file final32.txt (compact mmCIF, C-alpha atoms)
# COMPACT_ATOMS: atom_id res chain seq x y z
CA MET A 152 17.44 28.06 -24.92
CA THR A 153 21.11 28.04 -25.80
CA THR A 154 23.84 26.30 -23.87
CA HIS A 155 27.55 27.06 -24.14
CA PRO A 156 29.42 24.16 -22.51
CA THR A 157 32.87 24.92 -21.18
CA LEU A 158 35.86 22.65 -21.48
CA PRO A 159 35.82 19.83 -20.81
CA PHE A 160 32.58 20.03 -22.73
CA LEU A 161 31.34 16.49 -22.11
CA PRO A 162 29.52 16.77 -18.79
CA SER A 163 29.94 13.89 -16.40
CA LEU A 164 27.12 11.41 -16.54
CA PRO A 165 25.28 10.18 -13.48
CA GLN A 166 26.88 7.17 -11.79
CA SER A 167 25.35 3.85 -12.63
CA VAL A 168 24.33 1.32 -10.00
CA ASP A 169 27.54 -0.63 -10.68
CA SER A 170 29.65 2.42 -9.87
CA GLN A 171 27.95 3.31 -6.57
CA PRO A 172 30.28 3.64 -3.58
CA ASP A 173 30.56 0.76 -1.14
CA ASP A 174 28.48 2.49 1.53
CA HIS A 175 25.38 2.01 -0.64
CA PRO A 176 25.49 -1.67 -1.61
CA LEU A 177 22.63 -3.73 -2.95
CA ARG A 178 21.59 -5.17 0.39
CA ARG A 179 19.70 -8.28 -0.74
CA SER A 180 20.41 -10.92 -3.32
CA THR A 181 16.86 -10.46 -4.58
CA ASP A 182 17.43 -6.78 -5.43
CA THR A 183 17.02 -6.09 -9.15
CA SER A 184 18.79 -3.69 -11.44
CA PRO A 185 17.05 -0.38 -12.28
CA HIS A 186 16.13 -1.70 -15.75
CA PRO A 187 15.31 -5.42 -15.38
CA LEU A 188 14.58 -7.57 -18.41
CA ARG A 189 11.10 -8.79 -17.60
CA ARG A 190 10.65 -11.24 -20.46
CA ALA A 191 12.97 -13.50 -22.36
CA ALA A 192 12.10 -11.67 -25.58
CA ASP A 193 13.01 -8.23 -24.18
CA ARG A 194 16.01 -6.58 -25.78
CA VAL A 195 18.68 -4.54 -24.10
CA PRO A 196 18.06 -0.85 -24.95
CA THR A 197 20.33 0.34 -27.75
CA ARG A 198 21.75 3.77 -28.45
CA PRO A 199 19.82 5.91 -30.95
CA ALA A 200 20.92 5.54 -34.56
CA VAL A 201 22.97 8.37 -36.08
CA SER A 202 22.83 9.40 -39.73
CA LEU A 203 25.64 11.52 -41.21
CA VAL A 204 24.66 13.68 -44.20
CA ILE A 205 27.53 14.98 -46.34
CA PRO A 206 26.85 17.15 -49.42
CA ALA A 207 29.64 16.97 -51.98
CA LEU A 208 30.57 18.55 -55.29
CA ASN A 209 33.86 17.46 -56.85
CA GLU A 210 35.43 16.38 -53.55
CA ALA A 211 37.11 13.13 -54.67
CA ARG A 212 40.48 14.14 -53.19
CA ASN A 213 38.97 15.06 -49.81
CA ILE A 214 36.50 12.22 -49.29
CA PRO A 215 39.10 9.61 -48.16
CA TRP A 216 40.34 11.79 -45.28
CA VAL A 217 36.80 12.51 -44.14
CA PHE A 218 35.43 8.97 -44.45
CA GLU A 219 38.40 7.31 -42.74
CA GLN A 220 37.74 9.35 -39.58
CA ILE A 221 34.00 8.73 -39.20
CA PRO A 222 33.44 7.45 -35.64
CA ASP A 223 31.69 4.22 -34.71
CA CYS A 224 28.65 6.05 -33.33
CA VAL A 225 27.55 6.85 -36.91
CA GLY A 226 25.19 4.17 -38.21
CA GLU A 227 24.74 5.36 -41.79
CA VAL A 228 26.51 7.79 -44.09
CA LEU A 229 24.64 9.58 -46.87
CA LEU A 230 26.71 11.27 -49.57
CA ILE A 231 24.58 13.75 -51.51
CA ASP A 232 26.29 14.36 -54.82
CA GLY A 233 25.76 17.61 -56.68
CA ASP A 234 26.49 16.13 -60.13
CA SER A 235 30.25 15.96 -59.56
CA HIS A 236 32.50 15.80 -62.60
CA ASP A 237 35.26 13.94 -60.80
CA ALA A 238 35.31 10.54 -59.10
CA THR A 239 33.60 11.68 -55.88
CA VAL A 240 31.01 8.90 -55.83
CA ARG A 241 33.39 6.15 -56.94
CA VAL A 242 35.98 7.11 -54.32
CA ALA A 243 33.33 7.29 -51.60
CA THR A 244 32.03 3.82 -52.46
CA ARG A 245 35.53 2.38 -52.51
CA ILE A 246 36.43 3.86 -49.12
CA LEU A 247 33.06 3.02 -47.52
CA PRO A 248 31.08 0.36 -49.42
CA THR A 249 28.03 0.90 -47.18
CA VAL A 250 27.71 4.59 -48.06
CA ARG A 251 24.30 5.63 -49.43
CA SER A 252 25.08 7.79 -52.44
CA LEU A 253 22.19 9.99 -53.58
CA ARG A 254 21.93 12.55 -56.33
CA GLN A 255 20.37 15.76 -55.11
CA SER A 256 17.02 16.73 -56.59
CA GLY A 257 18.02 20.28 -57.53
CA SER A 258 21.06 22.53 -57.17
CA GLY A 259 22.83 24.16 -54.23
CA LYS A 260 24.03 23.08 -50.80
CA GLY A 261 20.63 23.67 -49.22
CA ASN A 262 18.92 21.39 -51.70
CA ALA A 263 21.57 18.71 -51.16
CA LEU A 264 21.14 18.80 -47.38
CA ARG A 265 17.35 18.67 -47.59
CA THR A 266 17.64 15.68 -49.92
CA GLY A 267 19.81 13.93 -47.35
CA PHE A 268 17.63 14.85 -44.38
CA LEU A 269 14.55 13.37 -46.02
CA ALA A 270 16.40 10.14 -46.81
CA ALA A 271 18.07 9.75 -43.40
CA ARG A 272 16.85 6.88 -41.23
CA GLY A 273 18.60 7.62 -37.94
CA ASP A 274 17.11 9.12 -34.80
CA TYR A 275 19.80 11.80 -34.93
CA VAL A 276 21.03 13.57 -38.06
CA VAL A 277 24.50 15.14 -38.30
CA MET A 278 25.53 17.39 -41.20
CA MET A 279 29.08 18.28 -42.17
CA ASP A 280 31.09 19.32 -45.22
CA ALA A 281 33.11 17.00 -47.45
CA ASP A 282 36.13 19.27 -47.90
CA GLY A 283 38.00 18.25 -44.75
CA SER A 284 37.36 21.53 -42.92
CA MET A 285 35.37 19.74 -40.21
CA SER A 286 36.68 16.79 -38.22
CA PRO A 287 34.39 13.74 -37.97
CA GLY A 288 36.12 13.05 -34.66
CA GLU A 289 33.99 15.82 -33.14
CA ILE A 290 30.70 14.06 -33.95
CA PRO A 291 30.47 12.19 -30.60
CA HIS A 292 30.38 15.57 -28.81
CA PHE A 293 27.31 16.58 -30.83
CA VAL A 294 25.63 13.22 -30.24
CA HIS A 295 26.34 13.44 -26.51
CA PHE A 296 24.23 16.57 -26.13
CA LEU A 297 21.40 15.11 -28.21
CA GLU A 298 21.43 12.08 -25.92
CA ASN A 299 21.20 14.37 -22.91
CA GLY A 300 18.08 16.31 -23.79
CA TYR A 301 19.01 18.85 -26.45
CA ASP A 302 17.16 19.06 -29.77
CA PHE A 303 19.61 20.97 -31.96
CA VAL A 304 23.39 21.06 -31.52
CA LYS A 305 25.64 23.37 -33.52
CA GLY A 306 29.38 23.72 -33.71
CA SER A 307 30.93 27.05 -32.83
CA ARG A 308 34.35 28.35 -33.81
CA PHE A 309 34.08 31.24 -31.38
CA VAL A 310 33.13 29.58 -28.11
CA GLU A 311 35.88 28.61 -25.68
CA GLY A 312 37.71 25.59 -27.06
CA GLY A 313 36.75 26.29 -30.68
CA GLY A 314 38.67 28.05 -33.42
CA SER A 315 39.33 28.42 -37.12
CA LEU A 316 42.46 27.93 -39.19
CA ASP A 317 40.66 28.97 -42.35
CA ILE A 318 38.32 31.93 -41.87
CA THR A 319 39.36 35.23 -43.44
CA ARG A 320 39.00 38.61 -41.75
CA PHE A 321 36.23 39.56 -44.18
CA ARG A 322 34.24 36.38 -43.52
CA ARG A 323 34.73 36.78 -39.76
CA LEU A 324 33.34 40.31 -39.83
CA GLY A 325 30.39 39.25 -41.97
CA ASN A 326 29.61 36.31 -39.70
CA HIS A 327 29.70 38.49 -36.60
CA ALA A 328 27.44 41.13 -38.17
CA LEU A 329 24.84 38.56 -39.23
CA LEU A 330 25.12 36.81 -35.86
CA ALA A 331 24.46 40.08 -34.02
CA LEU A 332 21.28 40.51 -36.05
CA VAL A 333 20.05 37.01 -35.13
CA ASN A 334 20.84 37.47 -31.46
CA ARG A 335 18.96 40.77 -31.40
CA LEU A 336 15.93 39.51 -33.32
CA TYR A 337 15.55 36.37 -31.21
CA ASP A 338 17.00 37.53 -27.87
CA ALA A 339 19.60 34.77 -28.19
CA SER A 340 23.25 34.49 -27.17
CA LEU A 341 24.75 32.39 -29.95
CA THR A 342 28.45 32.71 -30.76
CA ASP A 343 28.54 31.47 -34.38
CA LEU A 344 26.11 31.50 -37.30
CA CYS A 345 27.56 30.66 -40.72
CA TYR A 346 29.05 27.28 -39.87
CA GLY A 347 27.56 24.08 -41.22
CA PHE A 348 28.54 21.53 -38.59
CA CYS A 349 25.21 20.77 -36.90
CA ALA A 350 23.13 17.90 -35.52
CA PHE A 351 19.49 17.55 -34.62
CA ARG A 352 16.78 15.10 -33.69
CA ARG A 353 15.19 13.86 -36.90
CA SER A 354 11.78 14.02 -35.23
CA PHE A 355 12.08 17.84 -35.37
CA LEU A 356 12.74 18.01 -39.12
CA ASP A 357 9.19 19.20 -39.85
CA GLN A 358 9.55 21.99 -37.26
CA LEU A 359 12.79 23.14 -38.88
CA ASP A 360 10.69 23.63 -42.04
CA LEU A 361 13.63 24.04 -44.41
CA HIS A 362 13.30 25.63 -47.87
CA ALA A 363 16.68 27.25 -48.58
CA THR A 364 18.61 26.06 -51.63
CA GLY A 365 22.10 27.47 -50.96
CA PHE A 366 24.56 28.09 -48.13
CA GLU A 367 21.92 30.16 -46.33
CA ILE A 368 20.31 26.91 -45.15
CA GLU A 369 22.72 26.91 -42.20
CA SER A 370 21.26 30.21 -40.96
CA GLU A 371 17.71 29.13 -41.81
CA MET A 372 18.10 26.03 -39.63
CA ILE A 373 19.28 28.07 -36.64
CA VAL A 374 16.57 30.71 -37.00
CA HIS A 375 13.84 28.08 -37.29
CA ALA A 376 15.22 26.18 -34.31
CA LEU A 377 15.10 29.38 -32.25
CA ARG A 378 11.63 30.24 -33.50
CA SER A 379 10.35 26.74 -32.66
CA GLY A 380 11.72 26.86 -29.13
CA LEU A 381 14.07 23.92 -29.59
CA ARG A 382 16.70 23.34 -26.93
CA ILE A 383 19.96 24.43 -28.57
CA ALA A 384 23.51 23.66 -27.47
CA GLU A 385 26.71 25.03 -28.96
CA VAL A 386 29.84 22.87 -28.81
CA PRO A 387 33.41 23.98 -29.55
CA SER A 388 34.60 23.10 -33.04
CA LEU A 389 37.88 23.67 -34.84
CA GLU A 390 37.52 24.66 -38.48
CA LEU A 391 40.41 23.33 -40.54
CA PRO A 392 41.63 24.57 -43.92
CA ARG A 393 40.08 22.89 -46.95
CA ARG A 394 42.41 20.00 -47.77
CA ASN A 395 42.28 20.20 -51.57
CA GLY A 396 40.58 22.24 -54.26
CA ARG A 397 38.68 25.51 -54.15
CA SER A 398 35.69 26.34 -52.00
CA ASN A 399 32.23 26.64 -53.54
CA LEU A 400 31.44 29.44 -51.06
CA HIS A 401 31.16 33.00 -52.41
CA ALA A 402 31.38 35.27 -49.39
CA ILE A 403 29.62 38.34 -50.82
CA SER A 404 26.79 36.71 -52.76
CA ASP A 405 26.18 34.02 -50.16
CA GLY A 406 26.31 36.63 -47.39
CA ARG A 407 23.58 38.56 -49.17
CA ARG A 408 21.47 35.41 -49.39
CA VAL A 409 21.90 34.87 -45.65
CA LEU A 410 20.89 38.46 -44.93
CA ARG A 411 17.78 38.17 -47.12
CA THR A 412 16.86 34.96 -45.31
CA LEU A 413 17.24 36.57 -41.89
CA LEU A 414 15.15 39.60 -42.87
CA SER A 415 12.41 37.53 -44.48
CA GLU A 416 12.29 35.24 -41.43
CA ARG A 417 12.34 38.00 -38.82
CA PRO A 418 9.51 38.02 -36.26
CA GLY A 419 6.43 39.71 -37.71
CA ALA A 420 7.58 39.47 -41.33
CA GLN A 421 5.31 38.05 -44.02
CA PRO A 422 6.23 34.35 -44.48
CA ALA A 423 8.32 33.83 -47.60
CA SER A 424 7.18 31.28 -50.15
CA ALA A 425 9.41 28.31 -50.89
CA PRO A 426 11.91 29.12 -53.69
CA GLN A 427 11.57 27.48 -57.06
CA GLU A 428 14.31 24.98 -57.77
CA ARG A 429 15.87 23.66 -60.92
CA SER A 430 15.30 19.92 -61.14
CA THR A 431 18.06 17.70 -62.38
CA PRO A 432 17.18 15.34 -65.23
call {"tool": "encode", "arguments": {"input": "final32.txt", "output": "structure tokens"}}
result
Amino acid sequence: MTTHPTLPFLPSLPQSVDSQPDDHPLRRSTDTSPHPLRRAADRVPTRPAVSLVIPALNEARNIPWVFEQIPDCVGEVLLIDGDSHDATVRVATRILPTVRSLRQSGSGKGNALRTGFLAARGDYVVMMDADGSMSPGEIPHFVHFLENGYDFVKGSRFVEGGGSLDITRFRRLGNHALLALVNRLYDASLTDLCYGFCAFRRSFLDQLDLHATGFEIESEMIVHALRSGLRIAEVPSLELPRRNGRSNLHAISDGRRVLRTLLSERPGAQPASAPQERSTP
């Protein structure tokens, strides 16, 4: 199931007892609230914890902008370093002393994300890039839908309210072609595919069953979420230009990897074995 919220894309929440109109008052002084604390040791329910996983490779100049905008709803930040040659880890620790910096176990964006997912402690896991192309200020929108019953939430640049200031015509055409294949194979109505701003309930990590090592992990996550019957919501997202440096994305080779992933994962296909990875010393 896929949901495309329209702007404003934060649905109104049900009114609490405190906000009820005057014609429905609490009639007796002995009336209790809907969630009474029955024992002195009971705790007030807290919001689910949110883990933010950020893979990074030589992003020292972009990390400050990203980290300074992380919203309060994020409880832990995991920086997964791909053996950077610059000061990525040092800068991240200086900007955010509580950051959990981990070295990925192999190579590639997919490996980095899987390393972070396994180490995350939050109830919800959010993934985003370290290059400044995704705004951390959008994270509360993703969390909102997880808190309201969805299992997997993905950003879309092509739903109403979204957009991109960075995508090239070639990448746009490739994304649309691959997206059309996914929608046809899974009878879905998604609007974006190759975009790595996503969030999910950590309890569904095993069902996502991730093996990809490169950029194709973004498509693998979506396909496995569809195949597992997870409740999926798309939220508008604005893709910004990379702030500094050159992208590690290679449109042609990475597009081929995505296509191979989609074909190997198609309904009725023989399950692909997990790829062999190069371990870092």
call {"tool": "closest_residue", "arguments": {"input": "final32.txt", "among": "A:Leu413, A:Gly396, A:Arg265, A:Gly257", "to": "Ala211 (chain A)", "atoms": "only C-alpha atoms"}}
result
A:Gly396
call {"tool": "atom_distance", "arguments": {"input": "final32.txt", "atom1": "CA of Phe293 (chain A)", "atom2": "CA of Leu264 (chain A)"}}
result
17.8 Å
call {"tool": "residues_around", "arguments": {"input": "final32.txt", "residues": "Ile231 (chain A)", "least_positions_apart": "4", "cutoff": "7 Å", "atoms": "only C-alpha atoms", "output": "list in words"}}
result
Ile205, Pro206, Ala207, Ser252, Leu253, Arg254, Gln255, Ala263 and Gly267 of chain A
call {"tool": "atom_distance", "arguments": {"input": "final32.txt", "atom1": "CA of His327 (chain A)", "atom2": "CA of Val374 (chain A)"}}
result
15.3 Å
call {"tool": "residues_around", "arguments": {"input": "final32.txt", "residues": "Tyr346 (chain A)", "least_positions_apart": "5", "cutoff": "10 Å", "atoms": "all atoms listed in the file", "output": "PyMOL selection string"}}
result
chain A and resi 279-280+285+305-308+326+366+369-370+388+390
call {"tool": "residues_around", "arguments": {"input": "final32.txt", "residues": "Gln358 (chain A)", "least_positions_apart": "5", "cutoff": "10 Å", "atoms": "only C-alpha atoms", "output": "JSON, numbers by chain"}}
result
{"A": [353, 372, 375, 376, 378, 379, 380, 381]}
call {"tool": "residues_near_point", "arguments": {"input": "final32.txt", "point": "(33.3, 7.8, -51.9)", "cutoff": "10 Å", "atoms": "only C-alpha atoms", "output": "PyMOL selection string"}}
result
chain A and resi 207+210-215+217-218+230+238-252
call {"tool": "closest_residue", "arguments": {"input": "final32.txt", "among": "A:Val310, A:Leu356, A:Val386, A:Leu332", "to": "Arg417 (chain A)", "atoms": "all atoms listed in the file"}}
result
A:Leu332
call {"tool": "closest_residue", "arguments": {"input": "final32.txt", "among": "A:Leu361, A:Leu330, A:Leu336, A:Ile290", "to": "Pro418 (chain A)", "atoms": "all atoms listed in the file"}}
result
A:Leu336
call {"tool": "closest_residue", "arguments": {"input": "final32.txt", "among": "A:Arg335, A:Glu219, A:Ile403, A:Val294", "to": "Asp274 (chain A)", "atoms": "only C-alpha atoms"}}
result
A:Val294
call {"tool": "build_atoms", "arguments": {"input": "final32.txt", "residues": "region 331-342 of chain A", "atoms": "all heavy atoms", "output": "compact mmCIF listing (two decimals), keeping the file's coordinate frame"}}
result
# COMPACT_ATOMS: atom_id res chain seq x y z
N ALA A 331 25.01 39.05 -34.89
CA ALA A 331 24.46 40.08 -34.02
C ALA A 331 23.00 40.35 -34.35
O ALA A 331 22.17 40.57 -33.44
CB ALA A 331 25.28 41.37 -34.15
N LEU A 332 22.66 40.30 -35.63
CA LEU A 332 21.28 40.51 -36.05
C LEU A 332 20.38 39.39 -35.51
O LEU A 332 19.30 39.65 -34.98
CB LEU A 332 21.20 40.57 -37.57
CG LEU A 332 19.80 40.71 -38.18
CD1 LEU A 332 19.12 41.98 -37.70
CD2 LEU A 332 19.88 40.68 -39.71
N VAL A 333 20.84 38.15 -35.63
CA VAL A 333 20.05 37.01 -35.13
C VAL A 333 19.87 37.10 -33.62
O VAL A 333 18.76 36.91 -33.10
CB VAL A 333 20.74 35.68 -35.51
CG1 VAL A 333 20.09 34.50 -34.77
CG2 VAL A 333 20.65 35.46 -37.01
N ASN A 334 20.94 37.39 -32.92
CA ASN A 334 20.84 37.47 -31.46
C ASN A 334 19.88 38.57 -31.01
O ASN A 334 19.16 38.43 -30.02
CB ASN A 334 22.22 37.69 -30.85
CG ASN A 334 23.07 36.43 -30.82
OD1 ASN A 334 22.54 35.31 -30.82
ND2 ASN A 334 24.37 36.59 -30.80
N ARG A 335 19.87 39.67 -31.76
CA ARG A 335 18.96 40.77 -31.40
C ARG A 335 17.52 40.42 -31.74
O ARG A 335 16.61 40.67 -30.95
CB ARG A 335 19.39 42.04 -32.13
CG ARG A 335 18.47 43.22 -31.83
CD ARG A 335 19.07 44.54 -32.25
NE ARG A 335 18.21 45.65 -31.89
CZ ARG A 335 18.55 46.92 -32.01
NH1 ARG A 335 19.75 47.23 -32.51
NH2 ARG A 335 17.71 47.88 -31.67
N LEU A 336 17.29 39.84 -32.90
CA LEU A 336 15.93 39.51 -33.32
C LEU A 336 15.29 38.46 -32.43
O LEU A 336 14.08 38.49 -32.18
CB LEU A 336 15.93 39.04 -34.77
CG LEU A 336 16.19 40.08 -35.86
CD1 LEU A 336 16.27 39.41 -37.23
CD2 LEU A 336 15.10 41.14 -35.86
N TYR A 337 16.11 37.50 -31.94
CA TYR A 337 15.55 36.37 -31.21
C TYR A 337 15.98 36.34 -29.74
O TYR A 337 15.77 35.33 -29.06
CB TYR A 337 15.94 35.07 -31.91
CG TYR A 337 15.32 34.94 -33.27
CD1 TYR A 337 16.00 35.39 -34.40
CD2 TYR A 337 14.04 34.42 -33.43
CE1 TYR A 337 15.41 35.31 -35.66
CE2 TYR A 337 13.45 34.33 -34.69
CZ TYR A 337 14.15 34.78 -35.79
OH TYR A 337 13.57 34.70 -37.03
N ASP A 338 16.56 37.44 -29.27
CA ASP A 338 17.00 37.53 -27.87
C ASP A 338 17.82 36.30 -27.50
O ASP A 338 17.60 35.65 -26.47
CB ASP A 338 15.78 37.64 -26.95
CG ASP A 338 16.17 38.01 -25.52
OD1 ASP A 338 17.25 38.62 -25.35
OD2 ASP A 338 15.43 37.67 -24.59
N ALA A 339 18.77 35.96 -28.37
CA ALA A 339 19.60 34.77 -28.19
C ALA A 339 21.03 35.20 -27.81
O ALA A 339 21.36 36.39 -27.76
CB ALA A 339 19.63 33.94 -29.47
N SER A 340 21.86 34.21 -27.53
CA SER A 340 23.25 34.49 -27.17
C SER A 340 24.18 33.51 -27.88
O SER A 340 25.11 32.97 -27.29
CB SER A 340 23.44 34.39 -25.65
OG SER A 340 23.01 33.11 -25.17
N LEU A 341 23.92 33.28 -29.16
CA LEU A 341 24.75 32.39 -29.95
C LEU A 341 26.11 33.03 -30.21
O LEU A 341 26.26 34.25 -30.16
CB LEU A 341 24.07 32.07 -31.28
CG LEU A 341 22.70 31.38 -31.19
CD1 LEU A 341 22.10 31.23 -32.58
CD2 LEU A 341 22.82 30.03 -30.51
N THR A 342 27.10 32.20 -30.51
CA THR A 342 28.45 32.71 -30.76
C THR A 342 28.91 32.49 -32.20
O THR A 342 29.96 32.99 -32.58
CB THR A 342 29.46 32.03 -29.81
OG1 THR A 342 29.49 30.62 -30.08
CG2 THR A 342 29.07 32.24 -28.35
